[in-house]
$ cat final.cif   # mmCIF, C-alpha atoms and all ligand atoms
data_coords
loop_
_atom_site.label_atom_id
_atom_site.label_comp_id
_atom_site.auth_asym_id
_atom_site.auth_seq_id
_atom_site.Cartn_x
_atom_site.Cartn_y
_atom_site.Cartn_z
CA MET Z 1 26.18 -17.85 -19.63
CA ILE Z 2 23.59 -15.40 -18.37
CA TYR Z 3 23.52 -12.86 -15.61
CA ASP Z 4 21.36 -13.31 -12.50
CA GLU Z 5 19.66 -9.96 -11.75
CA LYS Z 6 19.11 -10.80 -8.05
CA ASP Z 7 22.61 -11.57 -6.80
CA GLY Z 8 24.80 -10.62 -9.76
CA ARG Z 9 26.12 -14.21 -10.18
CA VAL Z 10 26.96 -15.51 -13.60
CA VAL Z 11 24.84 -18.61 -14.03
CA LEU Z 12 24.99 -21.41 -16.52
CA ASN Z 13 22.47 -21.24 -19.32
CA MET Z 14 21.56 -24.91 -19.19
CA LYS Z 15 19.43 -26.43 -21.94
CA ALA Z 16 17.29 -29.26 -20.66
CA LEU Z 17 14.75 -31.62 -22.16
CA VAL Z 18 12.04 -32.82 -19.74
CA ILE Z 19 10.08 -35.87 -20.86
CA GLY Z 20 6.66 -36.39 -19.26
CA ALA Z 21 6.64 -32.63 -18.63
CA SER Z 22 2.91 -32.37 -18.00
CA GLY Z 23 2.94 -35.19 -15.44
CA GLN Z 24 2.62 -34.65 -11.71
CA ILE Z 25 6.41 -34.65 -11.23
CA GLY Z 26 7.58 -33.40 -14.65
CA ALA Z 27 5.64 -30.13 -14.49
CA MET Z 28 7.21 -29.28 -11.14
CA THR Z 29 10.69 -30.14 -12.42
CA VAL Z 30 10.21 -27.75 -15.36
CA LYS Z 31 9.33 -25.03 -12.86
CA ASP Z 32 12.37 -25.68 -10.68
CA LEU Z 33 14.75 -25.70 -13.67
CA VAL Z 34 13.46 -22.28 -14.71
CA ASP Z 35 13.07 -20.74 -11.24
CA SER Z 36 16.33 -21.98 -9.75
CA TYR Z 37 18.65 -22.13 -12.76
CA LYS Z 38 17.05 -19.96 -15.45
CA ALA Z 39 17.36 -22.99 -17.70
CA ASP Z 40 15.95 -23.12 -21.21
CA VAL Z 41 13.60 -26.07 -21.09
CA VAL Z 42 12.07 -28.13 -23.85
CA ALA Z 43 8.96 -29.52 -22.16
CA ALA Z 44 7.91 -32.67 -23.97
CA ASP Z 45 4.87 -34.90 -23.55
CA LEU Z 46 2.36 -36.90 -25.55
CA ASP Z 47 -0.36 -34.24 -25.26
CA LEU Z 48 0.66 -30.83 -26.65
CA ASP Z 49 -2.23 -28.95 -25.01
CA LYS Z 50 -1.29 -30.15 -21.53
CA VAL Z 51 2.36 -29.25 -21.98
CA LYS Z 52 1.41 -25.83 -23.41
CA GLN Z 53 -0.44 -25.19 -20.13
CA VAL Z 54 2.75 -26.05 -18.22
CA ALA Z 55 4.78 -23.60 -20.34
CA LYS Z 56 2.17 -20.87 -19.84
CA ALA Z 57 2.06 -21.42 -16.08
CA THR Z 58 5.88 -21.46 -15.76
CA ASN Z 59 7.55 -19.00 -18.14
CA PRO Z 60 6.69 -19.07 -21.85
CA ASN Z 61 10.00 -17.31 -22.66
CA ARG Z 62 12.05 -20.11 -21.18
CA VAL Z 63 9.83 -23.16 -21.78
CA THR Z 64 9.21 -24.56 -25.26
CA PRO Z 65 6.32 -27.04 -25.30
CA VAL Z 66 6.65 -29.93 -27.76
CA LYS Z 67 4.61 -33.00 -28.57
CA LEU Z 68 6.96 -35.97 -28.31
CA ASP Z 69 6.46 -39.69 -27.98
CA ALA Z 70 9.55 -40.95 -26.15
CA THR Z 71 9.23 -44.33 -27.85
CA ASP Z 72 9.79 -42.67 -31.27
CA GLY Z 73 13.56 -43.09 -31.79
CA LYS Z 74 13.85 -40.54 -34.62
CA ALA Z 75 11.89 -37.84 -32.77
CA MET Z 76 13.98 -38.48 -29.63
CA ALA Z 77 17.27 -38.17 -31.55
CA LYS Z 78 16.09 -34.83 -32.99
CA ALA Z 79 14.98 -33.49 -29.58
CA LEU Z 80 18.24 -34.57 -27.93
CA LYS Z 81 20.36 -32.64 -30.44
CA ARG Z 82 19.59 -29.33 -28.80
CA VAL Z 83 20.16 -30.08 -25.09
CA ASP Z 84 22.83 -30.65 -22.38
CA VAL Z 85 20.74 -33.03 -20.31
CA VAL Z 86 17.51 -35.02 -20.54
CA LEU Z 87 15.32 -35.44 -17.45
CA ASN Z 88 13.05 -38.44 -17.79
CA SER Z 89 9.89 -37.86 -15.72
CA ALA Z 90 7.69 -40.26 -17.66
CA TRP Z 91 6.70 -43.76 -16.57
CA TYR Z 92 9.53 -46.04 -15.53
CA GLU Z 93 8.73 -48.56 -18.29
CA LEU Z 94 10.24 -46.01 -20.73
CA ASN Z 95 13.57 -45.65 -18.88
CA MET Z 96 15.58 -48.07 -20.96
CA SER Z 97 14.63 -46.62 -24.36
CA ILE Z 98 15.05 -42.99 -23.24
CA MET Z 99 18.40 -43.75 -21.57
CA ASN Z 100 19.64 -45.58 -24.65
CA ALA Z 101 18.70 -42.60 -26.83
CA ALA Z 102 20.52 -40.23 -24.44
CA ILE Z 103 23.71 -42.33 -24.49
CA LYS Z 104 23.57 -42.54 -28.29
CA ALA Z 105 23.20 -38.76 -28.52
CA GLY Z 106 25.96 -38.12 -25.92
CA VAL Z 107 23.56 -36.33 -23.57
CA HIS Z 108 23.52 -36.69 -19.76
CA TYR Z 109 20.42 -38.35 -18.31
CA THR Z 110 18.35 -38.57 -15.12
CA ASP Z 111 15.29 -40.62 -14.22
CA LEU Z 112 12.99 -41.23 -11.26
CA GLY Z 113 13.69 -44.91 -10.66
CA GLY Z 114 13.55 -48.20 -12.52
CA PHE Z 115 11.38 -50.13 -10.06
CA TYR Z 116 14.16 -52.57 -9.01
CA ASP Z 117 14.31 -54.85 -12.08
CA GLY Z 118 14.56 -51.97 -14.55
CA THR Z 119 17.36 -50.42 -12.49
CA LEU Z 120 19.38 -53.65 -12.55
CA LYS Z 121 19.00 -53.79 -16.35
CA GLN Z 122 19.93 -50.12 -16.80
CA LEU Z 123 23.13 -50.56 -14.72
CA LYS Z 124 24.39 -53.04 -17.31
CA LEU Z 125 24.80 -50.14 -19.79
CA THR Z 126 27.42 -48.41 -17.65
CA LYS Z 127 30.36 -49.16 -19.99
CA LYS Z 128 28.38 -47.88 -22.98
CA ALA Z 129 27.66 -44.63 -21.11
CA GLU Z 130 31.28 -44.27 -19.98
CA ASP Z 131 32.50 -44.73 -23.56
CA ALA Z 132 30.06 -42.05 -24.71
CA GLY Z 133 31.31 -39.68 -21.96
CA VAL Z 134 27.81 -39.59 -20.49
CA THR Z 135 26.46 -39.80 -16.93
CA CYS Z 136 23.08 -41.43 -16.37
CA VAL Z 137 21.80 -40.87 -12.83
CA LEU Z 138 19.16 -43.45 -11.96
CA GLY Z 139 16.34 -42.94 -9.48
CA ILE Z 140 16.96 -39.34 -8.46
CA GLY Z 141 13.59 -38.37 -6.97
CA SER Z 142 12.60 -38.38 -3.31
CA THR Z 143 12.75 -42.14 -2.77
CA PRO Z 144 14.57 -43.48 -4.67
CA GLY Z 145 16.71 -40.37 -4.75
CA ILE Z 146 17.13 -38.29 -1.61
CA THR Z 147 17.05 -41.43 0.55
CA ASN Z 148 19.90 -43.03 -1.45
CA VAL Z 149 21.99 -39.90 -0.80
CA CYS Z 150 21.02 -40.08 2.91
CA GLY Z 151 22.24 -43.71 2.93
CA ALA Z 152 25.62 -42.64 1.53
CA ALA Z 153 25.83 -39.69 3.94
CA GLY Z 154 25.11 -41.98 6.91
CA ALA Z 155 27.69 -44.51 5.74
CA ASN Z 156 30.28 -41.69 5.51
CA LYS Z 157 29.84 -41.11 9.26
CA LEU Z 158 30.38 -44.77 10.20
CA ASP Z 159 33.39 -47.10 9.92
CA SER Z 160 31.25 -50.02 8.78
CA VAL Z 161 27.58 -50.45 7.85
CA ASP Z 162 25.26 -53.23 8.88
CA SER Z 163 21.84 -52.08 7.63
CA ILE Z 164 20.10 -49.32 5.70
CA SER Z 165 16.35 -49.10 6.31
CA ILE Z 166 14.23 -46.63 4.37
CA TYR Z 167 10.67 -45.53 5.19
CA CYS Z 168 8.24 -43.20 3.46
CA THR Z 169 4.85 -41.79 4.44
CA TRP Z 170 2.60 -38.85 3.58
CA GLY Z 171 -0.79 -37.45 4.49
CA THR Z 172 -2.90 -34.48 5.33
CA LYS Z 173 -3.26 -32.68 8.65
CA GLN Z 174 -7.04 -32.99 8.52
CA LYS Z 175 -8.51 -36.47 8.88
CA ALA Z 176 -9.02 -37.77 5.33
CA THR Z 177 -12.66 -38.31 4.43
CA LYS Z 178 -12.25 -38.93 0.68
CA ALA Z 179 -10.70 -41.89 -1.12
CA GLY Z 180 -6.92 -41.52 -1.51
CA MET Z 181 -5.59 -39.83 -4.67
CA PRO Z 182 -2.08 -41.17 -5.33
CA ALA Z 183 0.66 -38.58 -4.96
CA TYR Z 184 2.53 -40.28 -7.82
CA SER Z 185 1.80 -42.29 -10.94
CA ILE Z 186 -1.18 -44.62 -10.50
CA ARG Z 187 0.64 -47.12 -12.76
CA THR Z 188 3.50 -47.35 -10.27
CA VAL Z 189 1.09 -47.62 -7.32
CA LEU Z 190 -0.70 -50.54 -8.98
CA ASP Z 191 2.61 -52.24 -9.79
CA GLU Z 192 3.70 -51.77 -6.18
CA MET Z 193 0.52 -53.52 -5.01
CA THR Z 194 1.01 -56.49 -7.36
CA GLN Z 195 4.77 -57.19 -7.77
CA LYS Z 196 7.16 -58.82 -5.27
CA PRO Z 197 9.65 -56.48 -3.56
CA GLY Z 198 13.40 -57.11 -3.52
CA ILE Z 199 15.48 -56.49 -0.39
CA VAL Z 200 19.07 -57.20 0.64
CA ASP Z 201 19.19 -59.73 3.48
CA LYS Z 202 22.46 -61.05 4.97
CA GLY Z 203 24.29 -59.62 1.94
CA ARG Z 204 22.06 -61.33 -0.67
CA LYS Z 205 19.37 -59.84 -2.90
CA ILE Z 206 16.15 -61.78 -2.23
CA ARG Z 207 12.42 -61.42 -3.01
CA VAL Z 208 9.84 -61.15 -0.24
CA PRO Z 209 6.02 -61.21 -0.28
CA ILE Z 210 4.17 -57.99 -1.23
CA MET Z 211 3.38 -55.87 1.87
CA SER Z 212 5.34 -58.19 4.20
CA GLY Z 213 7.90 -57.07 6.81
CA GLU Z 214 5.28 -55.17 8.85
CA THR Z 215 6.91 -52.86 11.36
CA SER Z 216 6.10 -49.78 13.39
CA VAL Z 217 8.25 -46.72 12.76
CA VAL Z 218 8.24 -43.21 14.23
CA MET Z 219 8.02 -40.43 11.66
CA PRO Z 220 7.79 -36.68 12.41
CA GLU Z 221 4.43 -35.32 13.68
CA PRO Z 222 1.63 -35.22 12.59
CA SER Z 223 2.41 -38.67 11.12
CA GLY Z 224 3.86 -40.02 14.36
CA LYS Z 225 3.99 -43.79 14.63
CA VAL Z 226 3.10 -45.49 11.33
CA THR Z 227 2.81 -49.11 10.26
CA ALA Z 228 5.07 -49.77 7.29
CA HIS Z 229 5.47 -52.69 4.86
CA TYR Z 230 7.90 -53.78 2.15
CA ILE Z 231 6.96 -52.79 -1.38
CA LYS Z 232 8.95 -53.03 -4.59
CA HIS Z 233 11.38 -50.10 -4.99
CA SER Z 234 14.82 -49.64 -6.52
CA GLU Z 235 16.87 -48.58 -3.46
CA PRO Z 236 17.71 -52.19 -2.42
CA ALA Z 237 18.85 -52.89 -6.01
CA THR Z 238 21.87 -50.58 -5.69
CA MET Z 239 22.69 -49.38 -2.18
CA ALA Z 240 24.58 -52.36 -0.74
CA ASP Z 241 26.77 -52.63 -3.86
CA PHE Z 242 27.52 -48.92 -4.28
CA ILE Z 243 27.81 -47.93 -0.61
CA GLY Z 244 29.82 -51.00 0.38
CA LYS Z 245 31.38 -50.85 3.88
CA GLY Z 246 30.01 -54.35 4.50
CA THR Z 247 26.33 -53.38 4.13
CA LYS Z 248 24.33 -56.57 4.75
CA HIS Z 249 20.71 -55.39 4.85
CA VAL Z 250 18.84 -52.86 2.71
CA SER Z 251 15.08 -52.45 2.70
CA PHE Z 252 12.37 -50.01 1.65
CA ARG Z 253 9.05 -49.85 3.50
CA ILE Z 254 6.04 -47.66 2.84
CA GLY Z 255 3.67 -46.39 5.51
CA PHE Z 256 0.51 -45.86 3.45
CA PRO Z 257 -2.09 -43.66 5.12
CA ASP Z 258 -5.12 -45.91 5.90
CA VAL Z 259 -7.53 -44.46 3.30
CA ASP Z 260 -4.89 -44.59 0.53
CA LEU Z 261 -4.05 -48.20 1.36
CA ALA Z 262 -7.72 -49.17 1.24
CA THR Z 263 -8.20 -47.42 -2.14
CA PHE Z 264 -5.08 -48.88 -3.76
CA LYS Z 265 -5.76 -52.41 -2.45
CA THR Z 266 -9.30 -52.27 -3.82
CA LEU Z 267 -8.12 -51.05 -7.25
CA ALA Z 268 -5.47 -53.80 -7.42
CA GLU Z 269 -7.92 -56.48 -6.26
CA LEU Z 270 -10.49 -55.34 -8.86
CA GLY Z 271 -7.86 -55.95 -11.56
CA PHE Z 272 -6.95 -52.38 -12.53
CA SER Z 273 -3.27 -53.36 -12.79
CA SER Z 274 -4.06 -55.65 -15.74
CA GLU Z 275 -2.55 -54.74 -19.10
CA LYS Z 276 -4.86 -57.14 -20.95
CA GLU Z 277 -7.09 -55.23 -23.39
CA LEU Z 278 -10.85 -55.39 -22.92
CA ASN Z 279 -13.50 -54.55 -25.48
CA VAL Z 280 -15.60 -51.72 -24.06
CA GLY Z 281 -18.41 -50.72 -26.43
CA GLY Z 282 -16.18 -51.28 -29.46
CA CYS Z 283 -13.10 -49.57 -27.94
CA LYS Z 284 -10.09 -51.63 -26.92
CA CYS Z 285 -8.36 -50.54 -23.72
CA SER Z 286 -6.61 -52.24 -20.80
CA PRO Z 287 -7.82 -51.50 -17.24
CA LYS Z 288 -4.36 -50.07 -16.46
CA ASP Z 289 -4.38 -47.68 -19.45
CA TYR Z 290 -7.95 -46.64 -18.65
CA ILE Z 291 -7.24 -45.75 -15.03
CA THR Z 292 -3.99 -44.03 -16.05
CA ALA Z 293 -5.87 -41.79 -18.51
CA MET Z 294 -8.46 -40.94 -15.83
CA TYR Z 295 -5.74 -40.15 -13.32
CA THR Z 296 -3.52 -38.00 -15.59
CA ASP Z 297 -6.58 -36.00 -16.57
CA ALA Z 298 -7.47 -35.47 -12.91
CA VAL Z 299 -3.87 -34.39 -12.13
CA SER Z 300 -3.90 -31.90 -14.98
CA SER Z 301 -7.24 -30.37 -13.83
CA ALA Z 302 -6.20 -30.35 -10.15
CA ARG Z 303 -3.17 -28.21 -11.05
CA HIS Z 304 -5.55 -25.32 -11.79
CA SER Z 305 -7.69 -25.87 -8.70
CA LYS Z 306 -7.76 -23.20 -5.99
CA GLU Z 307 -8.33 -25.79 -3.25
CA ILE Z 308 -5.29 -26.00 -0.96
CA VAL Z 309 -4.91 -29.18 1.05
CA ASP Z 310 -2.66 -29.11 4.11
CA GLU Z 311 -0.36 -31.89 2.99
CA TYR Z 312 2.99 -33.31 4.12
CA ASP Z 313 5.51 -35.88 2.95
CA TYR Z 314 8.13 -37.61 5.16
CA LEU Z 315 11.10 -39.88 4.48
CA ARG Z 316 13.32 -41.63 7.00
CA THR Z 317 16.64 -43.40 6.41
CA ASP Z 318 18.34 -45.34 9.25
CA VAL Z 319 21.93 -46.37 8.72
CA THR Z 320 23.28 -48.65 11.45
CA GLY Z 321 26.80 -49.96 11.86
CA LYS Z 322 29.95 -49.37 13.88
CA LYS Z 323 32.04 -46.35 14.75
CA ASP Z 324 35.29 -46.89 16.67
CA ARG Z 325 34.24 -50.55 17.04
CA LEU Z 326 31.04 -49.60 18.91
CA PRO Z 327 27.42 -49.62 17.68
CA ALA Z 328 26.35 -46.40 15.94
CA ARG Z 329 23.34 -45.16 14.00
CA CYS Z 330 22.78 -42.24 11.68
CA THR Z 331 19.15 -41.29 11.00
CA PHE Z 332 17.94 -38.80 8.39
CA PHE Z 333 14.45 -37.31 8.38
CA VAL Z 334 13.36 -35.51 5.21
CA SER Z 335 10.24 -33.34 5.48
CA THR Z 336 8.26 -31.37 2.91
CA TRP Z 337 4.98 -29.53 3.25
CA ASN Z 338 2.73 -28.12 0.61
CA ASP Z 339 3.56 -24.59 -0.35
CA ARG Z 340 0.95 -22.28 -1.79
CA LYS Z 341 3.49 -20.89 -4.26
CA THR Z 342 5.17 -24.06 -5.45
CA GLY Z 343 2.45 -26.71 -5.24
CA LEU Z 344 2.12 -30.10 -3.63
CA SER Z 345 4.88 -31.36 -1.37
CA SER Z 346 5.07 -34.85 -2.78
CA ALA Z 347 5.73 -33.43 -6.22
CA ARG Z 348 8.30 -30.95 -4.92
CA ASP Z 349 10.53 -33.41 -3.07
CA THR Z 350 10.54 -35.73 -6.09
CA ALA Z 351 10.71 -33.01 -8.75
CA VAL Z 352 13.56 -30.89 -7.34
CA PRO Z 353 16.33 -33.58 -7.10
CA PRO Z 354 16.45 -34.17 -10.89
CA SER Z 355 16.65 -30.41 -11.44
CA ILE Z 356 19.64 -30.07 -9.04
CA THR Z 357 21.29 -33.11 -10.63
CA ALA Z 358 20.78 -31.78 -14.16
CA ASN Z 359 22.44 -28.53 -13.15
CA TRP Z 360 25.39 -30.39 -11.61
CA LEU Z 361 25.73 -32.55 -14.72
CA ALA Z 362 25.65 -29.53 -17.02
CA ASP Z 363 28.18 -27.52 -15.02
CA GLY Z 364 30.54 -30.46 -14.40
CA LYS Z 365 30.04 -30.75 -10.63
CA ILE Z 366 29.17 -34.40 -11.28
CA ASP Z 367 32.13 -35.66 -13.30
CA LYS Z 368 31.90 -39.45 -12.86
CA ARG Z 369 30.74 -41.15 -16.03
CA GLY Z 370 28.61 -44.26 -16.48
CA VAL Z 371 25.20 -45.41 -15.27
CA LEU Z 372 25.10 -44.57 -11.57
CA PRO Z 373 22.64 -44.48 -8.68
CA PRO Z 374 22.51 -41.25 -6.61
CA GLU Z 375 24.63 -42.71 -3.76
CA ALA Z 376 27.52 -43.13 -6.20
CA CYS Z 377 27.73 -39.62 -7.65
CA ILE Z 378 25.96 -36.99 -5.52
CA ASP Z 379 27.81 -35.08 -2.84
CA PRO Z 380 25.39 -35.23 0.16
CA GLU Z 381 25.96 -31.96 2.03
CA PRO Z 382 25.75 -29.53 -0.94
CA PHE Z 383 22.77 -31.54 -2.17
CA PHE Z 384 20.95 -31.28 1.17
CA LYS Z 385 21.65 -27.52 1.21
CA GLU Z 386 20.13 -27.13 -2.28
CA LEU Z 387 17.05 -29.04 -1.07
CA GLY Z 388 16.86 -26.74 1.96
CA LYS Z 389 16.64 -23.70 -0.33
CA ARG Z 390 13.38 -25.18 -1.67
CA LYS Z 391 12.06 -25.95 1.85
CA ILE Z 392 12.77 -29.66 1.58
CA MET Z 393 14.28 -30.12 5.00
CA VAL Z 394 16.91 -32.74 5.82
CA ASP Z 395 17.62 -33.43 9.52
CA GLU Z 396 20.51 -35.68 10.53
CA GLN Z 397 20.82 -37.40 13.92
CA LEU Z 398 24.02 -39.25 14.74
CA GLN Z 399 23.98 -41.64 17.70
CA VAL Z 400 27.29 -43.10 18.82
CA SER Z 401 28.01 -45.35 21.82
CA SER Z 402 30.56 -45.06 24.61
CA LYS Z 403 31.66 -47.73 27.10
CA TYR Z 404 33.39 -46.80 30.38
CA TYR Z 405 34.28 -50.26 31.61
CA ARG Z 406 36.90 -51.55 29.28
N1 LIG F 1 11.75 -41.48 -7.22
C1 LIG F 1 10.67 -41.01 -6.65
O1 LIG F 1 10.73 -40.50 -5.55
C2 LIG F 1 9.35 -41.03 -7.36
C3 LIG F 1 8.24 -40.45 -6.75
C4 LIG F 1 7.07 -40.37 -7.46
C5 LIG F 1 6.99 -40.90 -8.73
N2 LIG F 1 8.09 -41.52 -9.29
C6 LIG F 1 8.02 -42.07 -10.66
O2 LIG F 1 8.05 -41.02 -11.58
C7 LIG F 1 7.35 -41.38 -12.76
C8 LIG F 1 6.40 -40.26 -13.14
O3 LIG F 1 5.44 -40.09 -12.09
P1 LIG F 1 4.21 -39.05 -12.18
O4 LIG F 1 3.47 -39.16 -10.92
O5 LIG F 1 4.71 -37.72 -12.61
O6 LIG F 1 3.38 -39.72 -13.36
P2 LIG F 1 2.31 -39.07 -14.30
O7 LIG F 1 1.64 -37.90 -13.64
O8 LIG F 1 1.50 -40.19 -14.82
O9 LIG F 1 3.21 -38.45 -15.48
C9 LIG F 1 3.84 -39.22 -16.47
C10 LIG F 1 3.86 -38.37 -17.73
O10 LIG F 1 4.57 -39.11 -18.74
C11 LIG F 1 3.90 -38.91 -19.96
N3 LIG F 1 4.20 -39.97 -20.90
C12 LIG F 1 3.77 -41.25 -20.87
N4 LIG F 1 4.22 -41.92 -21.94
C13 LIG F 1 4.98 -41.05 -22.65
C14 LIG F 1 5.71 -41.15 -23.87
N5 LIG F 1 5.75 -42.28 -24.57
N6 LIG F 1 6.37 -40.05 -24.31
C15 LIG F 1 6.33 -38.90 -23.63
N7 LIG F 1 5.63 -38.73 -22.47
C16 LIG F 1 4.97 -39.80 -21.99
C17 LIG F 1 2.42 -38.91 -19.58
O11 LIG F 1 1.70 -38.29 -20.65
P3 LIG F 1 0.11 -38.34 -20.85
O12 LIG F 1 -0.51 -37.86 -19.57
O13 LIG F 1 -0.13 -37.41 -21.99
O14 LIG F 1 -0.23 -39.76 -21.15
C18 LIG F 1 2.45 -38.08 -18.29
O15 LIG F 1 2.33 -36.70 -18.57
C19 LIG F 1 6.65 -42.70 -12.45
O16 LIG F 1 7.33 -43.80 -13.03
C20 LIG F 1 6.72 -42.77 -10.94
O17 LIG F 1 6.75 -44.06 -10.45
C21 LIG F 1 9.26 -41.57 -8.63
#

$ encode --input "final.cif" --output "structure tokens"
Amino acid sequence: MIYDEKDGRVVLNMKALVIGASGQIGAMTVKDLVDSYKADVVAADLDLDKVKQVAKATNPNRVTPVKLDATDGKAMAKALKRVDVVLNSAWYELNMSIMNAAIKAGVHYTDLGGFYDGTLKQLKLTKKAEDAGVTCVLGIGSTPGITNVCGAAGANKLDSVDSISIYCTWGTKQKATKAGMPAYSIRTVLDEMTQKPGIVDKGRKIRVPIMSGETSVVMPEPSGKVTAHYIKHSEPATMADFIGKGTKHVSFRIGFPDVDLATFKTLAELGFSSEKELNVGGCKCSPKDYITAMYTDAVSSARHSKEIVDEYDYLRTDVTGKKDRLPARCTFFVSTWNDRKTGLSSARDTAVPPSITANWLADGKIDKRGVLPPEACIDPEPFFKELGKRKIMVDEQLQVSSKYYR
């Protein structure tokens, strides 16, 4: 336990391991763990120099940079010995091996989503996690993450649920003139453009074509009305099963800003999602690994740039169903803006939820054990209040019906 100088509270001295700590999301999570909880953080990544920069920029007294390859079982076991919780902010392909290592070491775990199929596989380890007395919270970022908790919060207000529809968009206030730079891992973006999404339709999990389900949805200004399409995401893998109440439809749609959509489509169509190695002047490298290296380098350099872009990030979750036998709807809007002190909005609304969850796991506020999605273990209102402290704003609108003729 340590003493908080500002408000005199006794706070938990949590020890956390962040994997992928120099990534776009991981670096911001390290910062939130230190700023909000005074946690001692082991910041781990493949490249020691990059993670040293993160420690220097955050708080070198609290952040220990280490070079760690999460696929190295022995190194993982050693790193996990010293911590209460591991926050996996690396690529989703690593989820299963990192989660397995956490369960084996008896350490609580969070990740940023298993991209539907990975999530379904991870859920199968729930008994193993329960037996180890461990909680593994899957997909606790912005979406998946905050939107799953919004789904549960909406369902709590209704007697029964018919559908949960999730939407996400982002952008800049100025008209974009440059090609879109993804606000999250280019690997995931390319997978989203090339793999079939899963949704829940009439109570059954089905696959639909990539970028199908076109619809128009109103998001807060300056986004306004956006065109959104289905892409592969993990929310429909869990929400109907864990929220229950008769939920028959669950979908996730993305409203890509026009320039971003054009960039990502072009990259996917040119074959940058391919993992097949090519021989380039004697060096072997897949198009996907090449573009990932370019992108992570650009993210790392951009972190030290003085250029501030006026950026925003919006999420919307509509839960429809019945209340007192009449139609009802609960809508949540989640808004974040860039903040000169804390960095880009899209990193903040994804990076803060794992930090809050890690704190709740370490202090026992989350006491369910097993492998669980956010809707199954996170108490919505306190969670939304914690987000609000970091200027991630959650607005709830409840619409109920009345009839005066029966
Ligand atoms: N739930 C949500 O709302 C949400 C939102 C955005 C992103 N995401 C997901 O979050 C994940 C991270 O996204 P991001 O944008 O932060 O990606 P990113 O910037 O590419 O960061 C990933 C980090 O993981 C590191 N890494 C890769 N392999 C590793 C290994 N074997 N051991 C240790 N570290 C390793 C990378 O290191 P190097 O750079 O040294 O290679 C990089 O620093 C992605 O899977 C993304 O889809 C979720």

$ atom_distance --input "final.cif" --atom1 "CA of Ile254 (chain Z)" --atom2 "CA of Lys232 (chain Z)"
9.6 Å

$ residues_near_ligand --input "final.cif" --ligand "ligand LIG 1 (chain F)" --cutoff "8 Å" --atoms "all atoms listed in the file" --output "ChimeraX atom specification"
/Z:19-27,44-47,50,67-72,89-94,111-115,139-146,183-189,292-293,295-297,299,346-347,349-350

$ closest_residue --input "final.cif" --among "Z:Val42, Z:Ala101, Z:Val54, Z:Val134" --to "Arg369 (chain Z)" --atoms "all atoms listed in the file"
Z:Val134

$ residues_around --input "final.cif" --residues "Asp32 (chain Z)" --least-positions-apart "2" --cutoff "9 Å" --atoms "all atoms listed in the file" --output "CSV table (one decimal) with C-alpha atoms, in the coordinates of the input"
chain,number,residue,atom,x,y,z
Z,27,ALA,CA,5.6,-30.1,-14.5
Z,28,MET,CA,7.2,-29.3,-11.1
Z,29,THR,CA,10.7,-30.1,-12.4
Z,30,VAL,CA,10.2,-27.8,-15.4
Z,34,VAL,CA,13.5,-22.3,-14.7
Z,35,ASP,CA,13.1,-20.7,-11.2
Z,36,SER,CA,16.3,-22.0,-9.8
Z,37,TYR,CA,18.6,-22.1,-12.8
Z,38,LYS,CA,17.0,-20.0,-15.4
Z,348,ARG,CA,8.3,-31.0,-4.9
Z,351,ALA,CA,10.7,-33.0,-8.8
Z,352,VAL,CA,13.6,-30.9,-7.3
Z,355,SER,CA,16.6,-30.4,-11.4
Z,356,ILE,CA,19.6,-30.1,-9.0

$ residues_near_point --input "final.cif" --point "(9.6, -18.0, -22.2)" --cutoff "12 Å" --atoms "only C-alpha atoms" --output "JSON, numbers by chain"
{"Z": [30, 31, 34, 35, 38, 39, 40, 41, 42, 43, 52, 54, 55, 56, 57, 58, 59, 60, 61, 62, 63, 64, 65]}

$ residues_around --input "final.cif" --residues "Ala129 (chain Z)" --least-positions-apart "2" --cutoff "7 Å" --atoms "all atoms listed in the file" --output "ChimeraX atom specification"
/Z:103,125-127,131-135,369-371

$ residues_around --input "final.cif" --residues "Ser212 (chain Z)" --least-positions-apart "6" --cutoff "8 Å" --atoms "all atoms listed in the file" --output "ChimeraX atom specification"
/Z:229-231

$ residues_around --input "final.cif" --residues "Asn156 (chain Z)" --least-positions-apart "2" --cutoff "12 Å" --atoms "only C-alpha atoms" --output "ChimeraX atom specification"
/Z:149-154,158-161,243-245,319-323,329-330,375,379-381,398

$ atom_distance --input "final.cif" --atom1 "CA of Gly246 (chain Z)" --atom2 "CA of Gly203 (chain Z)"
8.2 Å

$ atom_distance --input "final.cif" --atom1 "CA of Asn88 (chain Z)" --atom2 "CA of Asn100 (chain Z)"
11.9 Å

$ decode --input "final.cif" --residues "region 359-363 of chain Z" --atoms "N, CA and C atoms" --output "short mmCIF file (atom, residue, chain, number, x, y, z; two decimals), in the first residue's frame"
data_model
loop_
_atom_site.label_atom_id
_atom_site.label_comp_id
_atom_site.auth_asym_id
_atom_site.auth_seq_id
_atom_site.Cartn_x
_atom_site.Cartn_y
_atom_site.Cartn_z
N ASN Z 359 -6.75 -2.67 -12.24
CA ASN Z 359 -6.86 -2.19 -10.87
C ASN Z 359 -7.97 -2.94 -10.12
N TRP Z 360 -9.09 -3.16 -10.78
CA TRP Z 360 -10.22 -3.86 -10.15
C TRP Z 360 -9.90 -5.34 -9.92
N LEU Z 361 -9.08 -5.90 -10.78
CA LEU Z 361 -8.67 -7.30 -10.58
C LEU Z 361 -7.72 -7.38 -9.39
N ALA Z 362 -6.78 -6.44 -9.33
CA ALA Z 362 -5.78 -6.47 -8.26
C ALA Z 362 -6.40 -6.18 -6.89
N ASP Z 363 -7.41 -5.30 -6.85
CA ASP Z 363 -7.97 -4.97 -5.53
C ASP Z 363 -9.21 -5.79 -5.18
#
